[in-house]
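**Q** Below is coords_30.txt; it holds compact mmCIF, C-alpha atoms and all ligand atoms.
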```
# COMPACT_ATOMS: atom_id res chain seq x y z
CA MET C 1 192.51 76.54 261.85
CA SER C 2 191.70 73.39 263.80
CA ASN C 3 191.78 74.85 267.29
CA CYS C 4 190.17 78.23 266.67
CA ILE C 5 187.01 78.96 268.68
CA PHE C 6 185.49 81.25 266.04
CA CYS C 7 186.18 78.71 263.27
CA LYS C 8 184.39 76.13 265.44
CA ILE C 9 181.44 78.48 266.05
CA ALA C 10 181.23 79.43 262.35
CA ASN C 11 181.24 75.82 261.18
CA LYS C 12 178.78 74.80 263.94
CA GLU C 13 181.13 72.50 265.86
CA ILE C 14 180.31 74.64 268.89
CA PRO C 15 176.61 75.55 269.19
CA SER C 16 175.89 79.26 269.09
CA GLN C 17 172.90 81.38 268.18
CA PHE C 18 173.48 83.16 264.89
CA ILE C 19 171.74 86.53 264.73
CA TYR C 20 172.70 86.67 261.07
CA GLU C 21 174.28 84.14 258.71
CA ASP C 22 175.20 83.95 255.05
CA ASP C 23 177.83 82.03 253.09
CA ILE C 24 180.59 84.43 254.10
CA MET C 25 179.94 85.57 257.67
CA ILE C 26 177.96 85.32 260.87
CA ILE C 27 176.86 87.78 263.53
CA ILE C 28 176.58 86.52 267.12
CA LYS C 29 176.03 88.17 270.50
CA ASP C 30 179.18 88.67 272.55
CA ILE C 31 179.09 86.45 275.67
CA ASN C 32 180.53 89.25 277.79
CA PRO C 33 178.68 92.35 276.58
CA GLN C 34 180.38 95.72 277.04
CA ALA C 35 177.27 97.72 276.06
CA LYS C 36 173.50 97.19 276.07
CA LEU C 37 173.91 95.60 272.64
CA HIS C 38 177.22 93.95 271.74
CA TYR C 39 177.61 91.79 268.66
CA LEU C 40 180.54 90.19 266.87
CA ALA C 41 180.63 90.08 263.07
CA ILE C 42 182.87 87.15 262.09
CA PRO C 43 183.91 85.85 258.66
CA LYS C 44 183.45 82.09 258.30
CA ALA C 45 186.92 81.67 256.81
CA HIS C 46 189.87 82.15 259.12
CA TYR C 47 191.87 85.39 258.96
CA ASP C 48 194.09 86.29 261.87
CA ASN C 49 193.16 89.95 262.16
CA ILE C 50 191.89 92.98 260.25
CA VAL C 51 195.16 93.44 258.34
CA ASP C 52 195.21 89.80 257.24
CA LEU C 53 191.55 90.05 256.14
CA SER C 54 192.08 93.33 254.32
CA ASN C 55 195.15 91.97 252.52
CA ARG C 56 193.85 88.55 251.58
CA ALA C 57 190.10 89.07 251.14
CA PRO C 58 189.12 92.73 250.72
CA GLU C 59 185.84 91.66 249.14
CA THR C 60 184.93 89.83 252.37
CA LEU C 61 185.72 92.90 254.45
CA ASN C 62 183.59 94.99 252.11
CA HIS C 63 180.78 92.44 252.26
CA MET C 64 180.87 92.49 256.07
CA PHE C 65 180.36 96.25 256.18
CA ASN C 66 177.57 96.05 253.60
CA VAL C 67 175.81 93.49 255.81
CA ILE C 68 176.40 95.56 258.97
CA ALA C 69 174.80 98.55 257.22
CA LYS C 70 171.90 96.45 255.91
CA GLU C 71 171.22 94.66 259.23
CA LYS C 72 171.66 97.58 261.63
CA ASP C 73 167.92 98.10 262.18
CA ASN C 74 167.36 94.37 262.84
CA LEU C 75 170.21 94.47 265.36
CA GLY C 76 168.74 97.47 267.20
CA LEU C 77 171.64 99.64 266.06
CA GLN C 78 169.60 102.06 263.93
CA ASN C 79 170.74 104.95 266.11
CA GLY C 80 174.42 104.28 265.50
CA MET C 81 177.11 102.04 266.86
CA ARG C 82 180.75 101.81 267.80
CA VAL C 83 182.72 99.54 265.45
CA ILE C 84 185.90 98.12 266.94
CA THR C 85 188.40 95.51 265.98
CA ASN C 86 191.20 94.79 268.40
CA LEU C 87 194.61 94.01 266.97
CA GLY C 88 197.58 92.38 268.60
CA GLU C 89 198.88 92.48 272.12
CA ASP C 90 198.47 96.17 272.95
CA GLY C 91 195.03 96.11 271.32
CA CYS C 92 194.10 93.17 273.60
CA GLN C 93 193.00 90.89 270.76
CA SER C 94 192.16 87.72 272.68
CA VAL C 95 190.75 85.61 269.82
CA PRO C 96 193.11 85.39 266.83
CA HIS C 97 190.30 85.12 264.24
CA ILE C 98 189.21 88.54 262.99
CA HIS C 99 185.95 89.73 264.55
CA ILE C 100 184.35 93.14 264.38
CA HIS C 101 182.72 94.34 267.60
CA LEU C 102 179.44 96.23 267.12
CA LEU C 103 178.41 98.11 270.26
CA GLY C 104 175.30 100.20 270.78
CA GLY C 105 171.69 100.22 271.92
CA GLU C 106 172.57 103.14 274.19
CA LYS C 107 174.64 106.30 274.13
CA LEU C 108 178.24 105.19 274.61
CA SER C 109 180.97 106.96 276.50
CA GLU C 110 182.94 109.50 274.48
CA LYS C 111 186.08 107.91 275.88
CA MET C 112 187.36 105.03 273.79
CA GLY C 113 189.99 103.45 275.91
P1 LIG K 201 188.86 90.42 271.51
O1 LIG K 201 189.34 90.66 272.91
O2 LIG K 201 188.71 91.66 270.68
O3 LIG K 201 189.64 89.33 270.81
O4 LIG K 201 187.35 89.92 271.66
C1 LIG K 201 187.00 88.60 271.87
C2 LIG K 201 185.55 88.67 272.24
O5 LIG K 201 184.98 87.41 272.03
C3 LIG K 201 185.31 89.05 273.70
O6 LIG K 201 184.50 90.22 273.74
C4 LIG K 201 184.61 87.82 274.27
O7 LIG K 201 183.62 88.15 275.20
C5 LIG K 201 184.02 87.19 273.01
N1 LIG K 201 183.81 85.74 273.05
C6 LIG K 201 184.71 84.79 273.39
N2 LIG K 201 184.14 83.56 273.26
C7 LIG K 201 182.88 83.76 272.81
C8 LIG K 201 181.79 82.88 272.49
N3 LIG K 201 181.89 81.55 272.60
N4 LIG K 201 180.62 83.44 272.07
C9 LIG K 201 180.50 84.78 271.97
N5 LIG K 201 181.49 85.65 272.24
C10 LIG K 201 182.66 85.15 272.68
ZN ZN K 202 189.46 80.78 263.02
```
As structure tokens, what does this structure read like?

**A**
Amino acid sequence: MSNCIFCKIANKEIPSQFIYEDDIMIIIKDINPQAKLHYLAIPKAHYDNIVDLSNRAPETLNHMFNVIAKEKDNLGLQNGMRVITNLGEDGCQSVPHIHIHLLGGEKLSEKMG
């Protein structure tokens, strides 16, 4: 996707600090954090949303959760986290390249919306 901001970040056309990187995915800090720690786990290849990713590349989705589990201590999320992916208009997905929000570093509100 030529005009996709997360494609550009993943392929280093736009500079960004990668907290984690492998061949399949990156983890970056969200620029507008909604918790003490707020990361985005993003596949390097473009998928529109979680359904598209799950349908077309379930092994990538699985890999992303394996990495999230493996990296949680390095991310400061050893005490737990909230894992969110927004989908579509009502879900307020603003970037149409699947990204998984990881929120934590503090006790979060029990309310989710
Ligand atoms: P969503 O509303 O679920 O699509 O989330 C998009 C997220 O991307 C928001 O939390 C933004 O703060 C975040 N975001 C947008 N641009 C950047 C960027 N260049 N670097 C890091 N996070 C970004
Ligand atoms: Zn993209």

**Q** Between atom CA of Gly76 of chain C and atom CA of Glu21 of chain C, what is the distance in Å, rounded to a tenth?

**A**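 Interatomic distance here is 16.7 Å.
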
**Q** Could you name the residues that touch Met64 of chain C at 9 Å or less, counting all atoms listed in the file, but leaving out those on the same chain fewer than 3 positions away, as an mmCIF file with C-alpha atoms, keeping the file's coordinate frame?

**A**
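Here's the written file out05.cif:
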```cif
data_model
loop_
_atom_site.group_PDB
_atom_site.id
_atom_site.type_symbol
_atom_site.label_atom_id
_atom_site.label_comp_id
_atom_site.auth_asym_id
_atom_site.auth_seq_id
_atom_site.Cartn_x
_atom_site.Cartn_y
_atom_site.Cartn_z
ATOM 1 C CA ILE C 24 180.590 84.430 254.100
ATOM 2 C CA MET C 25 179.940 85.570 257.670
ATOM 3 C CA ALA C 41 180.630 90.080 263.070
ATOM 4 C CA ILE C 42 182.870 87.150 262.090
ATOM 5 C CA PRO C 43 183.910 85.850 258.660
ATOM 6 C CA GLU C 59 185.840 91.660 249.140
ATOM 7 C CA THR C 60 184.930 89.830 252.370
ATOM 8 C CA LEU C 61 185.720 92.900 254.450
ATOM 9 C CA VAL C 67 175.810 93.490 255.810
ATOM 10 C CA ILE C 68 176.400 95.560 258.970
ATOM 11 C CA ALA C 69 174.800 98.550 257.220
#
```

**Q** Would you mind reading off the distance between atom CA of Asp52 of chain C and atom CA of Phe18 of chain C, one decimal, in Å?

**A**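 For atom CA of Asp52 of chain C relative to atom CA of Phe18 of chain C, the distance reads 24.0 Å.
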
**Q** List as an mmCIF file with C-alpha atoms, in the frame of the given file the protein and nucleic acid residues lying within 12 Å of ligand LIG 201 (chain K), with all atoms listed in the file counted.

**A**
```cif
data_model
loop_
_atom_site.group_PDB
_atom_site.id
_atom_site.type_symbol
_atom_site.label_atom_id
_atom_site.label_comp_id
_atom_site.auth_asym_id
_atom_site.auth_seq_id
_atom_site.Cartn_x
_atom_site.Cartn_y
_atom_site.Cartn_z
ATOM 1 C CA CYS C 4 190.170 78.230 266.670
ATOM 2 C CA ILE C 5 187.010 78.960 268.680
ATOM 3 C CA PHE C 6 185.490 81.250 266.040
ATOM 4 C CA CYS C 7 186.180 78.710 263.270
ATOM 5 C CA LYS C 8 184.390 76.130 265.440
ATOM 6 C CA ILE C 9 181.440 78.480 266.050
ATOM 7 C CA ALA C 10 181.230 79.430 262.350
ATOM 8 C CA LYS C 12 178.780 74.800 263.940
ATOM 9 C CA GLU C 13 181.130 72.500 265.860
ATOM 10 C CA ILE C 14 180.310 74.640 268.890
ATOM 11 C CA PRO C 15 176.610 75.550 269.190
ATOM 12 C CA SER C 16 175.890 79.260 269.090
ATOM 13 C CA GLN C 17 172.900 81.380 268.180
ATOM 14 C CA PHE C 18 173.480 83.160 264.890
ATOM 15 C CA ILE C 19 171.740 86.530 264.730
ATOM 16 C CA ILE C 26 177.960 85.320 260.870
ATOM 17 C CA ILE C 27 176.860 87.780 263.530
ATOM 18 C CA ILE C 28 176.580 86.520 267.120
ATOM 19 C CA LYS C 29 176.030 88.170 270.500
ATOM 20 C CA ASP C 30 179.180 88.670 272.550
ATOM 21 C CA ILE C 31 179.090 86.450 275.670
ATOM 22 C CA ASN C 32 180.530 89.250 277.790
ATOM 23 C CA PRO C 33 178.680 92.350 276.580
ATOM 24 C CA GLN C 34 180.380 95.720 277.040
ATOM 25 C CA ALA C 35 177.270 97.720 276.060
ATOM 26 C CA LEU C 37 173.910 95.600 272.640
ATOM 27 C CA HIS C 38 177.220 93.950 271.740
ATOM 28 C CA TYR C 39 177.610 91.790 268.660
ATOM 29 C CA LEU C 40 180.540 90.190 266.870
ATOM 30 C CA ALA C 41 180.630 90.080 263.070
ATOM 31 C CA ILE C 42 182.870 87.150 262.090
ATOM 32 C CA ASP C 48 194.090 86.290 261.870
ATOM 33 C CA ASN C 49 193.160 89.950 262.160
ATOM 34 C CA ILE C 50 191.890 92.980 260.250
ATOM 35 C CA VAL C 83 182.720 99.540 265.450
ATOM 36 C CA ILE C 84 185.900 98.120 266.940
ATOM 37 C CA THR C 85 188.400 95.510 265.980
ATOM 38 C CA ASN C 86 191.200 94.790 268.400
ATOM 39 C CA LEU C 87 194.610 94.010 266.970
ATOM 40 C CA GLY C 88 197.580 92.380 268.600
ATOM 41 C CA GLU C 89 198.880 92.480 272.120
ATOM 42 C CA ASP C 90 198.470 96.170 272.950
ATOM 43 C CA GLY C 91 195.030 96.110 271.320
ATOM 44 C CA CYS C 92 194.100 93.170 273.600
ATOM 45 C CA GLN C 93 193.000 90.890 270.760
ATOM 46 C CA SER C 94 192.160 87.720 272.680
ATOM 47 C CA VAL C 95 190.750 85.610 269.820
ATOM 48 C CA PRO C 96 193.110 85.390 266.830
ATOM 49 C CA HIS C 97 190.300 85.120 264.240
ATOM 50 C CA ILE C 98 189.210 88.540 262.990
ATOM 51 C CA HIS C 99 185.950 89.730 264.550
ATOM 52 C CA ILE C 100 184.350 93.140 264.380
ATOM 53 C CA HIS C 101 182.720 94.340 267.600
ATOM 54 C CA LEU C 102 179.440 96.230 267.120
ATOM 55 C CA LEU C 103 178.410 98.110 270.260
#
```

**Q** To box segment 9-17 of chain C, take all atoms listed in the file, fit an axis-aligned box, add 4 Å on each side, and give centre and edge lengths in Å to one decimal, as JSON.

**A**
```
{"center_x": 177.2, "center_y": 76.9, "center_z": 265.2, "size_x": 16.5, "size_y": 16.9, "size_z": 16.0}
```

**Q** From the list C:Met112, C:Val51, C:Met81, C:Ala45, which residue is nearest ligand ZN 202 (chain K) when using only C-alpha atoms and all ligand atoms?

**A**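 Ranking C:Met112, C:Val51, C:Met81, C:Ala45 by distance to ligand ZN 202 (chain K), first place goes to C:Ala45.
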
**Q** Emit a file covering segment 55-86 of chain C of the preceding structure with N, CA, C and O atoms, as an mmCIF file, in the first residue's frame.

**A**
```cif
data_model
loop_
_atom_site.group_PDB
_atom_site.id
_atom_site.type_symbol
_atom_site.label_atom_id
_atom_site.label_comp_id
_atom_site.auth_asym_id
_atom_site.auth_seq_id
_atom_site.Cartn_x
_atom_site.Cartn_y
_atom_site.Cartn_z
ATOM 1 N N ASN C 55 -7.577 -13.996 8.282
ATOM 2 C CA ASN C 55 -7.958 -14.784 7.096
ATOM 3 C C ASN C 55 -6.771 -15.109 6.214
ATOM 4 O O ASN C 55 -6.627 -16.228 5.723
ATOM 5 N N ARG C 56 -5.923 -14.093 5.977
ATOM 6 C CA ARG C 56 -4.898 -14.255 4.940
ATOM 7 C C ARG C 56 -3.555 -14.729 5.481
ATOM 8 O O ARG C 56 -2.749 -15.281 4.719
ATOM 9 N N ALA C 57 -3.293 -14.470 6.780
ATOM 10 C CA ALA C 57 -1.978 -14.841 7.319
ATOM 11 C C ALA C 57 -2.091 -15.216 8.796
ATOM 12 O O ALA C 57 -1.514 -14.557 9.659
ATOM 13 N N PRO C 58 -2.808 -16.306 9.091
ATOM 14 C CA PRO C 58 -2.969 -16.688 10.497
ATOM 15 C C PRO C 58 -1.634 -16.970 11.187
ATOM 16 O O PRO C 58 -1.492 -16.744 12.387
ATOM 17 N N GLU C 59 -0.646 -17.407 10.411
ATOM 18 C CA GLU C 59 0.655 -17.687 11.030
ATOM 19 C C GLU C 59 1.325 -16.391 11.490
ATOM 20 O O GLU C 59 2.053 -16.380 12.486
ATOM 21 N N THR C 60 1.048 -15.274 10.782
ATOM 22 C CA THR C 60 1.599 -13.982 11.220
ATOM 23 C C THR C 60 0.909 -13.522 12.498
ATOM 24 O O THR C 60 1.561 -13.034 13.428
ATOM 25 N N LEU C 61 -0.393 -13.684 12.569
ATOM 26 C CA LEU C 61 -1.128 -13.322 13.782
ATOM 27 C C LEU C 61 -0.609 -14.140 14.968
ATOM 28 O O LEU C 61 -0.339 -13.608 16.051
ATOM 29 N N ASN C 62 -0.430 -15.415 14.752
ATOM 30 C CA ASN C 62 0.100 -16.289 15.801
ATOM 31 C C ASN C 62 1.507 -15.864 16.212
ATOM 32 O O ASN C 62 1.828 -15.773 17.408
ATOM 33 N N HIS C 63 2.331 -15.562 15.236
ATOM 34 C CA HIS C 63 3.696 -15.105 15.514
ATOM 35 C C HIS C 63 3.658 -13.829 16.356
ATOM 36 O O HIS C 63 4.428 -13.691 17.322
ATOM 37 N N MET C 64 2.768 -12.912 16.016
ATOM 38 C CA MET C 64 2.703 -11.640 16.752
ATOM 39 C C MET C 64 2.395 -11.883 18.222
ATOM 40 O O MET C 64 3.002 -11.268 19.104
ATOM 41 N N PHE C 65 1.475 -12.791 18.500
ATOM 42 C CA PHE C 65 1.156 -13.055 19.911
ATOM 43 C C PHE C 65 2.273 -13.821 20.611
ATOM 44 O O PHE C 65 2.504 -13.605 21.809
ATOM 45 N N ASN C 66 2.988 -14.660 19.891
ATOM 46 C CA ASN C 66 4.156 -15.312 20.504
ATOM 47 C C ASN C 66 5.198 -14.277 20.892
ATOM 48 O O ASN C 66 5.795 -14.345 21.972
ATOM 49 N N VAL C 67 5.430 -13.297 20.000
ATOM 50 C CA VAL C 67 6.414 -12.248 20.294
ATOM 51 C C VAL C 67 5.931 -11.373 21.457
ATOM 52 O O VAL C 67 6.708 -11.025 22.357
ATOM 53 N N ILE C 68 4.660 -11.013 21.454
ATOM 54 C CA ILE C 68 4.119 -10.197 22.558
ATOM 55 C C ILE C 68 4.351 -10.917 23.892
ATOM 56 O O ILE C 68 4.804 -10.306 24.868
ATOM 57 N N ALA C 69 4.097 -12.215 23.914
ATOM 58 C CA ALA C 69 4.303 -12.989 25.151
ATOM 59 C C ALA C 69 5.789 -13.032 25.519
ATOM 60 O O ALA C 69 6.154 -12.875 26.684
ATOM 61 N N LYS C 70 6.638 -13.202 24.529
ATOM 62 C CA LYS C 70 8.084 -13.318 24.782
ATOM 63 C C LYS C 70 8.687 -11.979 25.208
ATOM 64 O O LYS C 70 9.591 -11.931 26.045
ATOM 65 N N GLU C 71 8.201 -10.882 24.667
ATOM 66 C CA GLU C 71 8.790 -9.558 24.900
ATOM 67 C C GLU C 71 8.145 -8.793 26.048
ATOM 68 O O GLU C 71 8.554 -7.678 26.352
ATOM 69 N N LYS C 72 7.126 -9.343 26.689
ATOM 70 C CA LYS C 72 6.352 -8.540 27.647
ATOM 71 C C LYS C 72 7.224 -7.977 28.774
ATOM 72 O O LYS C 72 7.025 -6.817 29.175
ATOM 73 N N ASP C 73 8.187 -8.733 29.261
ATOM 74 C CA ASP C 73 9.045 -8.221 30.338
ATOM 75 C C ASP C 73 9.902 -7.053 29.829
ATOM 76 O O ASP C 73 10.037 -6.038 30.508
ATOM 77 N N ASN C 74 10.468 -7.191 28.638
ATOM 78 C CA ASN C 74 11.276 -6.102 28.058
ATOM 79 C C ASN C 74 10.458 -4.842 27.847
ATOM 80 O O ASN C 74 10.987 -3.732 27.882
ATOM 81 N N LEU C 75 9.165 -5.012 27.596
ATOM 82 C CA LEU C 75 8.285 -3.866 27.343
ATOM 83 C C LEU C 75 7.765 -3.239 28.633
ATOM 84 O O LEU C 75 7.115 -2.191 28.597
ATOM 85 N N GLY C 76 8.043 -3.868 29.773
ATOM 86 C CA GLY C 76 7.516 -3.379 31.048
ATOM 87 C C GLY C 76 6.084 -3.815 31.290
ATOM 88 O O GLY C 76 5.375 -3.235 32.116
ATOM 89 N N LEU C 77 5.661 -4.849 30.582
ATOM 90 C CA LEU C 77 4.274 -5.314 30.669
ATOM 91 C C LEU C 77 4.186 -6.664 31.387
ATOM 92 O O LEU C 77 3.246 -7.428 31.175
ATOM 93 N N GLN C 78 5.176 -6.922 32.270
ATOM 94 C CA GLN C 78 5.206 -8.229 32.948
ATOM 95 C C GLN C 78 4.018 -8.430 33.876
ATOM 96 O O GLN C 78 3.638 -9.554 34.201
ATOM 97 N N ASN C 79 3.390 -7.323 34.276
ATOM 98 C CA ASN C 79 2.260 -7.404 35.210
ATOM 99 C C ASN C 79 0.910 -7.559 34.505
ATOM 100 O O ASN C 79 -0.125 -7.568 35.155
ATOM 101 N N GLY C 80 0.957 -7.597 33.196
ATOM 102 C CA GLY C 80 -0.278 -7.717 32.415
ATOM 103 C C GLY C 80 -0.445 -6.559 31.454
ATOM 104 O O GLY C 80 0.348 -5.605 31.455
ATOM 105 N N MET C 81 -1.437 -6.644 30.649
ATOM 106 C CA MET C 81 -1.661 -5.594 29.644
ATOM 107 C C MET C 81 -3.080 -5.688 29.120
ATOM 108 O O MET C 81 -3.754 -6.712 29.297
ATOM 109 N N ARG C 82 -3.511 -4.628 28.474
ATOM 110 C CA ARG C 82 -4.759 -4.668 27.706
ATOM 111 C C ARG C 82 -4.377 -4.738 26.231
ATOM 112 O O ARG C 82 -3.552 -3.936 25.759
ATOM 113 N N VAL C 83 -4.964 -5.684 25.526
ATOM 114 C CA VAL C 83 -4.660 -5.915 24.111
ATOM 115 C C VAL C 83 -5.900 -5.529 23.319
ATOM 116 O O VAL C 83 -6.973 -6.098 23.525
ATOM 117 N N ILE C 84 -5.723 -4.538 22.447
ATOM 118 C CA ILE C 84 -6.887 -3.997 21.723
ATOM 119 C C ILE C 84 -6.553 -3.897 20.249
ATOM 120 O O ILE C 84 -5.440 -3.496 19.883
ATOM 121 N N THR C 85 -7.498 -4.236 19.415
ATOM 122 C CA THR C 85 -7.376 -3.843 18.021
ATOM 123 C C THR C 85 -8.713 -3.255 17.579
ATOM 124 O O THR C 85 -9.764 -3.869 17.745
ATOM 125 N N ASN C 86 -8.661 -2.039 17.120
ATOM 126 C CA ASN C 86 -9.877 -1.358 16.685
ATOM 127 C C ASN C 86 -10.218 -1.798 15.268
ATOM 128 O O ASN C 86 -9.330 -2.059 14.448
#
```
